[in-house]
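Listing of structure.cif; format and content: mmCIF, C-alpha atoms.
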```cif
data_data
loop_
_atom_site.label_atom_id
_atom_site.label_comp_id
_atom_site.auth_asym_id
_atom_site.auth_seq_id
_atom_site.Cartn_x
_atom_site.Cartn_y
_atom_site.Cartn_z
CA MET A 27 -11.82 12.92 12.85
CA THR A 28 -13.96 12.15 9.82
CA ALA A 29 -12.55 12.82 6.38
CA LYS A 30 -13.65 16.12 4.84
CA ASN A 31 -12.79 15.23 1.24
CA LEU A 32 -11.63 12.39 -0.98
CA GLN A 33 -7.94 13.16 -0.47
CA ASP A 34 -8.09 13.29 3.32
CA THR A 35 -5.77 10.88 5.12
CA THR A 36 -5.37 9.26 8.48
CA THR A 37 -1.93 8.96 10.06
CA LEU A 38 -0.81 5.38 10.64
CA SER A 39 1.15 4.45 13.78
CA ASN A 40 4.47 4.99 11.97
CA GLY A 41 3.53 8.49 10.76
CA VAL A 42 2.63 7.52 7.18
CA ASN A 43 -0.51 9.16 5.79
CA MET A 44 -3.07 6.79 4.25
CA PRO A 45 -6.20 7.98 2.42
CA TRP A 46 -9.51 7.19 4.13
CA PHE A 47 -11.06 6.24 0.81
CA GLY A 48 -9.77 4.18 -2.11
CA LEU A 49 -10.59 1.91 -5.02
CA GLY A 50 -10.72 -1.86 -4.55
CA VAL A 51 -10.23 -4.19 -7.54
CA PHE A 52 -11.13 -7.62 -6.12
CA LYS A 53 -12.62 -9.85 -8.86
CA VAL A 54 -11.81 -7.34 -11.62
CA GLU A 55 -10.04 -9.25 -14.37
CA GLU A 56 -7.07 -8.03 -16.38
CA GLY A 57 -8.11 -5.98 -19.40
CA PRO A 58 -9.24 -2.56 -20.59
CA GLU A 59 -12.12 -2.35 -18.08
CA LEU A 60 -9.68 -2.64 -15.17
CA VAL A 61 -7.13 -0.20 -16.62
CA ASN A 62 -9.92 2.26 -17.34
CA ALA A 63 -11.41 1.97 -13.82
CA VAL A 64 -8.08 2.69 -12.14
CA ARG A 65 -7.30 5.57 -14.51
CA LYS A 66 -10.76 7.13 -14.08
CA ALA A 67 -10.66 6.78 -10.28
CA ILE A 68 -7.35 8.66 -10.14
CA GLN A 69 -8.66 11.30 -12.55
CA HIS A 70 -11.71 11.77 -10.31
CA GLY A 71 -9.57 12.34 -7.24
CA TYR A 72 -9.01 8.90 -5.72
CA ARG A 73 -5.53 8.64 -4.22
CA SER A 74 -5.57 5.01 -3.03
CA VAL A 75 -5.71 1.74 -4.98
CA ASP A 76 -5.88 -1.70 -3.34
CA THR A 77 -4.96 -4.95 -5.11
CA ALA A 78 -3.44 -8.34 -4.22
CA ALA A 79 -1.29 -11.01 -5.86
CA ILE A 80 -4.18 -13.50 -5.85
CA TYR A 81 -6.42 -11.10 -7.82
CA GLU A 82 -4.08 -11.71 -10.78
CA ASN A 83 -4.61 -8.15 -11.98
CA GLU A 84 -1.52 -6.28 -10.77
CA GLU A 85 -0.28 -5.62 -14.32
CA GLY A 86 -3.54 -3.95 -15.32
CA VAL A 87 -3.61 -1.99 -12.06
CA GLY A 88 -0.07 -0.81 -12.79
CA GLN A 89 -1.06 0.27 -16.28
CA GLY A 90 -4.09 2.11 -14.90
CA ILE A 91 -1.88 3.83 -12.32
CA ARG A 92 0.57 5.06 -14.97
CA GLU A 93 -2.24 6.35 -17.18
CA GLY A 94 -4.05 7.86 -14.20
CA LEU A 95 -1.00 9.70 -12.88
CA GLU A 96 -0.42 11.19 -16.31
CA ALA A 97 -4.09 12.13 -16.83
CA ALA A 98 -4.36 13.71 -13.38
CA GLY A 99 -0.96 15.41 -13.60
CA ILE A 100 0.21 14.00 -10.28
CA GLN A 101 3.31 12.11 -9.11
CA ARG A 102 3.71 8.53 -7.87
CA GLU A 103 4.24 9.94 -4.35
CA ASP A 104 0.71 11.36 -4.44
CA LEU A 105 -0.78 7.87 -4.69
CA PHE A 106 -1.14 5.17 -2.03
CA VAL A 107 -0.84 1.64 -3.46
CA THR A 108 -1.57 -1.54 -1.49
CA SER A 109 -0.94 -5.18 -2.42
CA LYS A 110 -0.96 -8.44 -0.46
CA VAL A 111 1.13 -11.60 -0.24
CA TRP A 112 -0.88 -14.76 -0.92
CA ASN A 113 -1.10 -17.80 1.36
CA ALA A 114 1.05 -20.07 -0.83
CA ASP A 115 3.93 -17.58 -0.59
CA LEU A 116 3.97 -17.19 3.19
CA GLY A 117 7.52 -17.88 4.38
CA TYR A 118 10.56 -15.64 4.76
CA GLU A 119 12.25 -16.01 1.37
CA SER A 120 9.02 -16.75 -0.50
CA THR A 121 7.37 -13.59 0.87
CA LEU A 122 10.35 -11.48 -0.22
CA LYS A 123 10.08 -13.06 -3.69
CA ALA A 124 6.32 -12.46 -3.78
CA TYR A 125 6.93 -8.79 -3.01
CA GLU A 126 9.41 -8.48 -5.88
CA ALA A 127 6.93 -10.18 -8.23
CA SER A 128 4.15 -7.79 -7.20
CA ILE A 129 6.11 -4.58 -7.68
CA GLN A 130 7.46 -5.89 -10.98
CA LYS A 131 3.93 -6.57 -12.26
CA LEU A 132 2.72 -3.22 -10.98
CA GLY A 133 5.70 -1.48 -12.54
CA LEU A 134 6.46 0.33 -9.27
CA GLU A 135 9.62 0.80 -7.23
CA TYR A 136 7.87 0.48 -3.90
CA LEU A 137 4.49 -0.16 -2.28
CA ASP A 138 2.85 2.13 0.23
CA LEU A 139 1.28 -0.78 2.09
CA TYR A 140 1.98 -4.51 1.93
CA LEU A 141 -0.34 -6.91 3.75
CA ILE A 142 -0.35 -10.58 4.72
CA HIS A 143 -3.59 -11.65 3.02
CA TRP A 144 -4.72 -14.39 5.45
CA PRO A 145 -3.40 -15.66 8.82
CA VAL A 146 -2.27 -19.11 7.72
CA GLU A 147 -1.44 -20.92 10.96
CA GLY A 148 2.26 -21.62 11.43
CA LYS A 149 3.26 -19.37 8.51
CA TYR A 150 2.21 -15.81 9.16
CA VAL A 151 4.84 -14.99 11.82
CA GLU A 152 7.68 -15.96 9.50
CA ALA A 153 6.08 -14.02 6.64
CA TRP A 154 5.78 -11.00 8.93
CA THR A 155 9.53 -11.00 9.57
CA ALA A 156 9.97 -10.67 5.77
CA LEU A 157 7.61 -7.68 5.80
CA GLU A 158 9.68 -6.18 8.64
CA THR A 159 12.79 -6.58 6.48
CA LEU A 160 11.14 -4.87 3.50
CA TYR A 161 9.97 -2.08 5.79
CA LYS A 162 13.41 -1.53 7.33
CA GLN A 163 14.92 -1.44 3.83
CA GLY A 164 12.48 1.30 2.84
CA ARG A 165 10.95 -0.89 0.12
CA VAL A 166 7.48 -0.42 1.58
CA LYS A 167 6.15 2.59 3.51
CA ALA A 168 3.85 0.61 5.83
CA ILE A 169 3.10 -3.03 6.62
CA GLY A 170 -0.03 -4.71 7.87
CA VAL A 171 -2.31 -7.71 7.84
CA SER A 172 -5.66 -8.74 6.45
CA ASN A 173 -8.34 -10.96 7.97
CA PHE A 174 -6.59 -11.23 11.35
CA HIS A 175 -8.65 -11.95 14.46
CA ILE A 176 -7.54 -10.73 17.90
CA HIS A 177 -5.72 -13.98 18.72
CA HIS A 178 -3.73 -13.77 15.46
CA LEU A 179 -2.72 -10.18 16.24
CA GLU A 180 -1.74 -11.13 19.79
CA GLN A 181 0.50 -13.94 18.62
CA LEU A 182 2.06 -11.77 15.93
CA MET A 183 2.84 -8.92 18.30
CA LYS A 184 4.22 -11.30 20.92
CA GLU A 185 6.67 -12.92 18.50
CA THR A 186 7.77 -10.05 16.29
CA GLU A 187 9.26 -6.58 16.54
CA ILE A 188 7.01 -4.22 14.56
CA LYS A 189 3.27 -4.18 15.12
CA PRO A 190 0.95 -4.11 12.09
CA MET A 191 -0.08 -0.63 11.00
CA VAL A 192 -3.32 -1.80 9.34
CA ASN A 193 -5.77 -4.71 9.65
CA GLN A 194 -7.98 -5.00 6.57
CA VAL A 195 -11.03 -7.15 7.28
CA GLU A 196 -14.50 -7.89 6.00
CA TYR A 197 -16.62 -5.09 7.43
CA HIS A 198 -20.14 -3.93 6.59
CA PRO A 199 -23.46 -3.34 8.43
CA ARG A 200 -24.08 -7.11 8.72
CA LEU A 201 -20.56 -7.73 10.13
CA THR A 202 -19.44 -4.85 12.33
CA GLN A 203 -16.67 -6.70 14.25
CA LYS A 204 -16.84 -4.15 17.09
CA GLU A 205 -14.62 -6.09 19.49
CA LEU A 206 -11.91 -6.51 16.87
CA GLN A 207 -12.11 -2.85 15.91
CA GLN A 208 -11.82 -1.76 19.56
CA TYR A 209 -8.80 -4.04 20.01
CA CYS A 210 -7.14 -2.55 16.92
CA GLN A 211 -7.89 0.98 18.10
CA ALA A 212 -6.41 0.27 21.52
CA ASN A 213 -3.24 -1.06 19.86
CA GLY A 214 -2.83 1.69 17.27
CA ILE A 215 -3.75 -0.57 14.32
CA GLN A 216 -5.84 1.16 11.65
CA PHE A 217 -9.04 -0.70 10.75
CA GLU A 218 -9.83 -1.04 7.03
CA ALA A 219 -12.93 -2.52 5.36
CA TRP A 220 -13.00 -4.91 2.46
CA SER A 221 -16.34 -5.72 0.86
CA PRO A 222 -17.88 -2.64 2.53
CA LEU A 223 -21.06 -2.99 0.46
CA MET A 224 -21.35 -6.73 1.21
CA GLN A 225 -20.94 -7.40 -2.51
CA GLY A 226 -24.23 -5.63 -3.24
CA GLN A 227 -26.33 -7.68 -0.80
CA LEU A 228 -27.48 -4.66 1.22
CA LEU A 229 -28.74 -2.46 -1.57
CA ASP A 230 -32.43 -3.13 -0.88
CA GLN A 231 -32.28 -3.25 2.93
CA GLU A 232 -35.25 -1.32 4.39
CA ASP A 233 -33.53 0.57 7.21
CA LEU A 234 -30.78 1.64 4.85
CA GLN A 235 -33.37 2.69 2.26
CA GLY A 236 -35.00 4.93 4.85
CA ILE A 237 -31.73 6.58 5.86
CA ALA A 238 -30.74 6.98 2.20
CA ALA A 239 -34.06 8.65 1.33
CA LYS A 240 -33.69 11.04 4.27
CA HIS A 241 -30.26 12.20 3.10
CA HIS A 242 -31.04 12.03 -0.66
CA LYS A 243 -28.17 9.58 -1.10
CA SER A 244 -27.78 6.03 -2.36
CA ILE A 245 -27.54 3.10 0.06
CA ALA A 246 -23.92 2.60 -1.04
CA GLN A 247 -23.14 6.20 -0.11
CA ILE A 248 -24.82 5.76 3.30
CA ILE A 249 -22.73 2.64 4.07
CA LEU A 250 -19.46 4.23 2.92
CA ARG A 251 -20.20 7.33 4.99
CA TRP A 252 -20.91 5.07 8.00
CA ASP A 253 -17.47 3.48 7.48
CA LEU A 254 -15.72 6.83 7.63
CA GLN A 255 -17.68 8.09 10.63
CA ASN A 256 -16.68 4.88 12.41
CA GLY A 257 -13.01 5.64 11.71
CA VAL A 258 -12.73 2.82 9.18
CA ILE A 259 -10.81 3.14 5.89
CA THR A 260 -12.95 1.91 3.01
CA ILE A 261 -12.15 0.68 -0.53
CA PRO A 262 -15.35 0.01 -2.51
CA LYS A 263 -14.95 -1.80 -5.81
CA SER A 264 -16.43 -0.51 -9.03
CA THR A 265 -15.48 -0.51 -12.70
CA LYS A 266 -18.18 1.91 -13.88
CA GLU A 267 -17.15 5.55 -14.03
CA HIS A 268 -20.49 6.92 -12.79
CA ARG A 269 -20.38 4.54 -9.81
CA ILE A 270 -16.74 5.42 -9.03
CA ILE A 271 -17.79 9.07 -8.89
CA GLU A 272 -20.98 8.35 -6.91
CA ASN A 273 -19.24 6.15 -4.32
CA ALA A 274 -16.89 9.01 -3.47
CA ALA A 275 -19.62 11.67 -3.22
CA ILE A 276 -20.01 11.22 0.52
CA PHE A 277 -18.31 14.30 1.94
CA ASP A 278 -21.26 16.70 1.73
CA PHE A 279 -23.47 15.16 4.44
CA LYS A 280 -23.23 13.61 7.89
CA LEU A 281 -25.09 10.70 9.47
CA SER A 282 -26.71 11.47 12.83
CA ASP A 283 -25.92 9.44 15.95
CA GLU A 284 -29.34 7.82 15.52
CA ASP A 285 -28.52 6.89 11.88
CA MET A 286 -25.21 5.41 13.00
CA GLN A 287 -26.87 3.34 15.73
CA ARG A 288 -29.55 2.07 13.34
CA ILE A 289 -26.89 0.91 10.92
CA ASP A 290 -24.85 -0.67 13.73
CA SER A 291 -27.97 -2.56 14.84
CA LEU A 292 -28.09 -4.41 11.49
CA ASN A 293 -25.13 -6.54 12.58
CA GLN A 294 -25.74 -10.31 12.36
CA ASP A 295 -22.08 -11.46 12.35
CA LEU A 296 -22.75 -12.51 8.77
CA ARG A 297 -19.84 -13.00 6.36
CA VAL A 298 -19.72 -13.12 2.58
CA GLY A 299 -16.11 -14.34 2.76
CA PRO A 300 -14.61 -17.17 4.83
CA ASP A 301 -14.01 -16.92 8.56
CA PRO A 302 -10.24 -16.61 9.07
CA ASP A 303 -10.44 -19.37 11.69
CA ASP A 304 -12.07 -21.91 9.35
CA PHE A 305 -10.60 -20.87 6.00
CA ASP A 306 -9.33 -23.94 4.15
CA PHE A 307 -5.86 -22.63 3.35
#
```
Structure rendered as structure tokens:
Amino acid sequence: MTAKNLQDTTTLSNGVNMPWFGLGVFKVEEGPELVNAVRKAIQHGYRSVDTAAIYENEEGVGQGIREGLEAAGIQREDLFVTSKVWNADLGYESTLKAYEASIQKLGLEYLDLYLIHWPVEGKYVEAWTALETLYKQGRVKAIGVSNFHIHHLEQLMKETEIKPMVNQVEYHPRLTQKELQQYCQANGIQFEAWSPLMQGQLLDQEDLQGIAAKHHKSIAQIILRWDLQNGVITIPKSTKEHRIIENAAIFDFKLSDEDMQRIDSLNQDLRVGPDPDDFDF
């Protein structure tokens, strides 16, 4: 089912509802611009915010959340907040400590989703057992991973008790990762896109321009709509209010099967980030 509006959610394997659409804050530095972006996104109806320890902006995100909740007149429970444990902290005790540091910086009592940021060989299984502990204690509503290939997921599920509820990966028309998405679907793991707009590299692509013109939408809106129609949660980054509004204005049109196939055909297995198998951790 494709989302009908900005607040629509998908149900994760453990029954928790996660919004299909959210705000990403990768590479947004601490400061008023960040606080303002988070606040404005919440005011304009966003109900999901995604950050990570390594972004070094959790304090500003927390401030933006507090201001946004107040401005929108909603409660903490109405918002879905994600953060991630960084590679240097992967280990049982160190992951638990990293979680405490994140919620302290964010000024929150719990996270909705906590992810292992990268599959550091020899460390991610132990870190996952810490996430399982946090989950069982009710400190986090859902747990998942980021940048995991099929072989990482297989090892994790073989050696641990709870399977990941989410796998957040680089995903855009140049990197569709179909096999990985099908594997996640078959195993009840929700697929989520980071860098859905390929960090702006697709905004003058001809096929996308044609589809955008046909629907009277921007290329960004076409890509984000493609995400949702593919059953992929998406978290585009922006700090500009008009762009935050525009990115989310994708619920009043539908891409045809032909549009979807044309966008799929742009795949070149091209990454803007590192390959999880070669990342120099």
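Surrounding residues of (2.3, 2.4, 13.5) at most 6 Å away are Leu38, Ser39, Asn40 and Met191 of chain A (based on only C-alpha atoms).
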- Task: List every protein, DNA or RNA residue that has at least one atom no more than 12 Å from (-7.7, -12.3, 6.9) in the file's coordinates, counting all atoms listed in the file, and write the result as an NGL selection string.
- Result: :A and (110-113 or 141-147 or 150 or 170-176 or 178-179 or 192-197 or 218-220 or 299-305 or 307)
Using only C-alpha atoms, tabulate the residues of segment 197-250 of chain A lying at most 7 Å from any atom of segment 266-290 of chain A, each with its closest atom pair and that distance in Å to one decimal, by chain and increasing residue number, as a Markdown table.
```
| residue | atom | partner | partner_atom | distance |
| --- | --- | --- | --- | --- |
| A:Pro199 | CA | A:Ile289 | CA | 6.0 |
| A:Thr202 | CA | A:Asp290 | CA | 7.0 |
| A:Ile237 | CA | A:Asp285 | CA | 6.8 |
| A:Ala246 | CA | A:Asn273 | CA | 6.7 |
| A:Gln247 | CA | A:Asn273 | CA | 5.7 |
```
- Task: Choose the residue, out of A:Glu152, A:Glu93, A:Ala238, A:Gln101, that has the smallest atom-to-atom separation from Tyr118 of chain A; count only C-alpha atoms.
- Result: A:Glu152
- Task: Would you mind reading off the distance between atom CA of Leu182 of chain A and atom CA of Gly41 of chain A, one decimal, in Å?
- Result: 21.0 Å
- Item | Atomic distance atom CA of Glu85 of chain A - atom CA of Val54 of chain A, expressed in Å with one decimal | 12.0 Å
- Query: In Å, with one decimal, what is the gap from atom CA of Val51 of chain A to atom CA of Leu132 of chain A?
  - Reply: 13.4 Å
- Query: Closest to Asp295 of chain A among A:Ala67, A:Leu250, A:Ile215, A:Leu201, using all atoms listed in the file?
  - Reply: A:Leu201
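Across A:His198, A:Lys149, A:Lys263, A:Arg297, the tightest approach to Ile249 of chain A is made by A:His198 when counting all atoms listed in the file.
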Mind completing segment 96-131 of chain A with N, CA and C atoms? Output as a tab-separated table (two decimals), in the frame of the given file, please?
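Saved result, selection.tsv, follows:
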```tsv
chain	number	residue	atom	x	y	z
A	96	GLU	N	-0.63	10.27	-15.19
A	96	GLU	CA	-0.42	11.19	-16.31
A	96	GLU	C	-1.66	12.05	-16.55
A	97	ALA	N	-2.83	11.40	-16.56
A	97	ALA	CA	-4.09	12.13	-16.83
A	97	ALA	C	-4.39	13.15	-15.75
A	98	ALA	N	-4.06	12.81	-14.49
A	98	ALA	CA	-4.36	13.71	-13.38
A	98	ALA	C	-3.24	14.73	-13.13
A	99	GLY	N	-2.10	14.50	-13.78
A	99	GLY	CA	-0.96	15.41	-13.60
A	99	GLY	C	-0.38	15.36	-12.19
A	100	ILE	N	-0.37	14.15	-11.61
A	100	ILE	CA	0.21	14.00	-10.28
A	100	ILE	C	1.38	13.01	-10.31
A	101	GLN	N	2.12	12.95	-9.22
A	101	GLN	CA	3.31	12.11	-9.11
A	101	GLN	C	2.98	10.80	-8.41
A	102	ARG	N	3.85	9.82	-8.57
A	102	ARG	CA	3.71	8.53	-7.87
A	102	ARG	C	3.54	8.75	-6.36
A	103	GLU	N	4.28	9.71	-5.80
A	103	GLU	CA	4.24	9.94	-4.35
A	103	GLU	C	2.86	10.40	-3.87
A	104	ASP	N	2.05	10.88	-4.81
A	104	ASP	CA	0.71	11.36	-4.44
A	104	ASP	C	-0.30	10.23	-4.31
A	105	LEU	N	0.13	9.02	-4.66
A	105	LEU	CA	-0.78	7.87	-4.69
A	105	LEU	C	-0.38	6.86	-3.63
A	106	PHE	N	-1.37	6.18	-3.06
A	106	PHE	CA	-1.14	5.17	-2.03
A	106	PHE	C	-1.55	3.83	-2.61
A	107	VAL	N	-0.57	2.92	-2.79
A	107	VAL	CA	-0.84	1.64	-3.46
A	107	VAL	C	-0.62	0.49	-2.48
A	108	THR	N	-1.62	-0.38	-2.39
A	108	THR	CA	-1.57	-1.54	-1.49
A	108	THR	C	-1.59	-2.83	-2.31
A	109	SER	N	-0.77	-3.82	-1.91
A	109	SER	CA	-0.94	-5.18	-2.42
A	109	SER	C	-0.74	-6.16	-1.25
A	110	LYS	N	-0.97	-7.44	-1.54
A	110	LYS	CA	-0.96	-8.44	-0.46
A	110	LYS	C	-0.23	-9.70	-0.91
A	111	VAL	N	0.44	-10.33	0.04
A	111	VAL	CA	1.13	-11.60	-0.24
A	111	VAL	C	0.15	-12.75	-0.01
A	112	TRP	N	0.09	-13.66	-0.99
A	112	TRP	CA	-0.88	-14.76	-0.92
A	112	TRP	C	-0.39	-15.90	-0.04
A	113	ASN	N	-1.34	-16.72	0.40
A	113	ASN	CA	-1.10	-17.80	1.36
A	113	ASN	C	0.02	-18.75	0.94
A	114	ALA	N	0.05	-19.10	-0.35
A	114	ALA	CA	1.05	-20.07	-0.83
A	114	ALA	C	2.47	-19.53	-0.73
A	115	ASP	N	2.60	-18.20	-0.61
A	115	ASP	CA	3.93	-17.58	-0.59
A	115	ASP	C	4.38	-17.19	0.82
A	116	LEU	N	3.61	-17.59	1.83
A	116	LEU	CA	3.97	-17.19	3.19
A	116	LEU	C	5.17	-18.00	3.70
A	117	GLY	N	6.26	-17.30	3.94
A	117	GLY	CA	7.52	-17.88	4.38
A	117	GLY	C	8.50	-16.75	4.22
A	118	TYR	N	9.67	-16.81	4.81
A	118	TYR	CA	10.56	-15.64	4.76
A	118	TYR	C	11.00	-15.33	3.33
A	119	GLU	N	11.73	-16.26	2.72
A	119	GLU	CA	12.25	-16.01	1.37
A	119	GLU	C	11.12	-15.90	0.34
A	120	SER	N	10.11	-16.75	0.49
A	120	SER	CA	9.02	-16.75	-0.50
A	120	SER	C	8.21	-15.46	-0.44
A	121	THR	N	8.08	-14.87	0.75
A	121	THR	CA	7.37	-13.59	0.87
A	121	THR	C	8.18	-12.47	0.21
A	122	LEU	N	9.50	-12.49	0.43
A	122	LEU	CA	10.35	-11.48	-0.22
A	122	LEU	C	10.24	-11.60	-1.75
A	123	LYS	N	10.22	-12.84	-2.24
A	123	LYS	CA	10.08	-13.06	-3.69
A	123	LYS	C	8.72	-12.59	-4.20
A	124	ALA	N	7.68	-12.87	-3.41
A	124	ALA	CA	6.32	-12.46	-3.78
A	124	ALA	C	6.23	-10.94	-3.88
A	125	TYR	N	6.92	-10.25	-2.98
A	125	TYR	CA	6.93	-8.79	-3.01
A	125	TYR	C	7.57	-8.29	-4.31
A	126	GLU	N	8.71	-8.88	-4.64
A	126	GLU	CA	9.41	-8.48	-5.88
A	126	GLU	C	8.51	-8.72	-7.09
A	127	ALA	N	7.81	-9.86	-7.10
A	127	ALA	CA	6.93	-10.18	-8.23
A	127	ALA	C	5.80	-9.16	-8.33
A	128	SER	N	5.25	-8.76	-7.19
A	128	SER	CA	4.15	-7.79	-7.20
A	128	SER	C	4.59	-6.43	-7.72
A	129	ILE	N	5.72	-5.93	-7.21
A	129	ILE	CA	6.11	-4.58	-7.68
A	129	ILE	C	6.56	-4.61	-9.14
A	130	GLN	N	7.08	-5.76	-9.57
A	130	GLN	CA	7.46	-5.89	-10.98
A	130	GLN	C	6.21	-5.83	-11.87
A	131	LYS	N	5.18	-6.58	-11.48
A	131	LYS	CA	3.93	-6.57	-12.26
A	131	LYS	C	3.28	-5.19	-12.25
```
